[in-house]
Structure formats: C-alpha cells, structure tokens
Amino acid sequence: MKNGIVDTSELGSLVRKNFRLARRWAAGRLGTAAKDRLRDLTKTFGFSVGRGDFYYLDGGWYITHAGLLRLAQRKRCTGIHVQQVRQFCDPAMAR
C-alpha cells in the first residue's frame, strides 16, 4: 500500500481512468498544472473523477462533499468539523 488507500496497481489504473474522464469532461481545458494536480490528488487521496469525488471548475480542482465523506471513511475519521466562510457564501445561489 503506497498511500494507505489503494495498492500501487489500482492507483495506476485510477490515475489513467481519472485522466480519461477529465479530458472528456473538461473538453481540452486542462493545462499541465491541472493535470499535475489531478495526478497528485489521485495518488495522495485516492480521489476518483468517476465517483464524483472532485470536479474541475474555473481552472481548479474542487473536492465535493461526497469526496470528503469517502476520504473520511477511508481514514476512519470520527467526524468532520465544518465552518461557514461568509465571503464564499451566496444565499441567492444556494451556496
């Protein structure tokens, strides 16, 4: 186990699968930095594009609520503490 999430053979397969899905969904908008970050997030945390763990929005990768919950479960967390950041909230847009 390289990262405590998946073994190395599964990890390589997950990286390739994430690249394939990201290319399809991002429609060619992925630069080198975005691809490097995708590889890092996949290898470090075992996130999957196909499972909806993270999305590429406005030039960056964003981890979803479902992705955080799956990570917490894999790491055997007993809870997640969240805090609202008012400057990023937009009640009119339900965010």
# chains A, B, ... in the order shown; residues from 1 in each chain; ligands from 1
call {"tool": "select_by_dssp", "arguments": {"residues": "chain A", "states": "helix (DSSP H, G or I)", "output": "count of residues only"}}
result
49
call {"tool": "residues_around", "arguments": {"residues": "Arg20 of chain A", "least_positions_apart": "4", "cutoff": "12 Å", "atoms": "only C-alpha atoms", "output": "ChimeraX atom specification"}}
result
/A:13-16,24-28,30,35,38-39,48-50
call {"tool": "residues_around", "arguments": {"residues": "Arg37 of chain A", "least_positions_apart": "2", "cutoff": "12 Å", "atoms": "only C-alpha atoms", "output": "JSON, numbers by chain"}}
result
{"A": [15, 18, 19, 22, 30, 31, 32, 33, 34, 35, 39, 40, 41, 42, 43, 44, 45, 47, 54, 55, 56, 59, 60, 61, 62]}
call {"tool": "write_last_selection", "arguments": {"atoms": "C-alpha atoms", "output": "PDB file, in the first residue's frame"}}
result
ATOM      1  CA  VAL A  15      -4.852   7.779 -12.429  1.00  0.00           C
ATOM      2  CA  ASN A  18      -9.240   9.973 -13.978  1.00  0.00           C
ATOM      3  CA  PHE A  19      -7.242  11.427 -16.892  1.00  0.00           C
ATOM      4  CA  ALA A  22     -11.183  14.605 -17.022  1.00  0.00           C
ATOM      5  CA  LEU A  30      -6.769  21.065 -18.802  1.00  0.00           C
ATOM      6  CA  GLY A  31      -3.314  22.591 -18.758  1.00  0.00           C
ATOM      7  CA  THR A  32      -0.140  20.971 -17.486  1.00  0.00           C
ATOM      8  CA  ALA A  33      -0.622  22.333 -13.957  1.00  0.00           C
ATOM      9  CA  ALA A  34      -4.193  20.965 -13.797  1.00  0.00           C
ATOM     10  CA  LYS A  35      -3.026  17.547 -14.988  1.00  0.00           C
ATOM     11  CA  ARG A  39      -2.307  13.156 -10.595  1.00  0.00           C
ATOM     12  CA  ASP A  40      -1.297  14.407  -7.120  1.00  0.00           C
ATOM     13  CA  LEU A  41      -4.858  14.355  -5.748  1.00  0.00           C
ATOM     14  CA  THR A  42      -5.415  10.885  -7.133  1.00  0.00           C
ATOM     15  CA  LYS A  43      -2.186   9.461  -5.741  1.00  0.00           C
ATOM     16  CA  THR A  44      -2.347  11.215  -2.378  1.00  0.00           C
ATOM     17  CA  PHE A  45      -6.023  10.789  -1.529  1.00  0.00           C
ATOM     18  CA  PHE A  47      -9.990  10.583  -5.298  1.00  0.00           C
ATOM     19  CA  PHE A  54     -13.859  16.126  -7.301  1.00  0.00           C
ATOM     20  CA  TYR A  55     -14.595  18.400 -10.259  1.00  0.00           C
ATOM     21  CA  TYR A  56     -12.641  20.792 -12.429  1.00  0.00           C
ATOM     22  CA  GLY A  59      -9.361  26.413 -13.569  1.00  0.00           C
ATOM     23  CA  GLY A  60      -9.040  24.347 -10.384  1.00  0.00           C
ATOM     24  CA  TRP A  61      -9.937  21.017  -8.821  1.00  0.00           C
ATOM     25  CA  TYR A  62     -12.628  21.177  -6.148  1.00  0.00           C
TER      26      TYR A  62
END
call {"tool": "select_by_dssp", "arguments": {"residues": "chain A", "states": "strand (DSSP E)", "output": "JSON, numbers by chain"}}
result
{"A": [54, 55, 56, 57, 60, 61, 62, 63]}
call {"tool": "atom_distance", "arguments": {"atom1": "atom CA of Lys17 of chain A", "atom2": "atom CA of His65 of chain A"}}
result
20.9 Å
call {"tool": "residues_around", "arguments": {"residues": "Arg51 of chain A", "least_positions_apart": "6", "cutoff": "10 Å", "atoms": "only C-alpha atoms", "output": "tab-separated table (two decimals) with N, CA and C atoms, in the first residue's frame"}}
result
chain	number	residue	atom	x	y	z
A	18	ASN	N	-8.95	8.57	-14.28
A	18	ASN	CA	-9.24	9.97	-13.98
A	18	ASN	C	-8.84	10.88	-15.14
A	66	ALA	N	-19.22	14.62	-1.17
A	66	ALA	CA	-19.15	13.16	-1.24
A	66	ALA	C	-17.69	12.69	-1.20
A	67	GLY	N	-16.80	13.40	-1.87
A	67	GLY	CA	-15.39	13.05	-1.86
A	67	GLY	C	-14.79	13.16	-0.47
A	70	ARG	N	-16.09	10.20	1.64
A	70	ARG	CA	-15.40	8.95	1.31
A	70	ARG	C	-13.99	8.93	1.87
call {"tool": "closest_residue", "arguments": {"among": "A:Arg86, A:His81, A:Lys75, A:Arg95", "to": "Gly46 of chain A", "atoms": "only C-alpha atoms"}}
result
A:Lys75
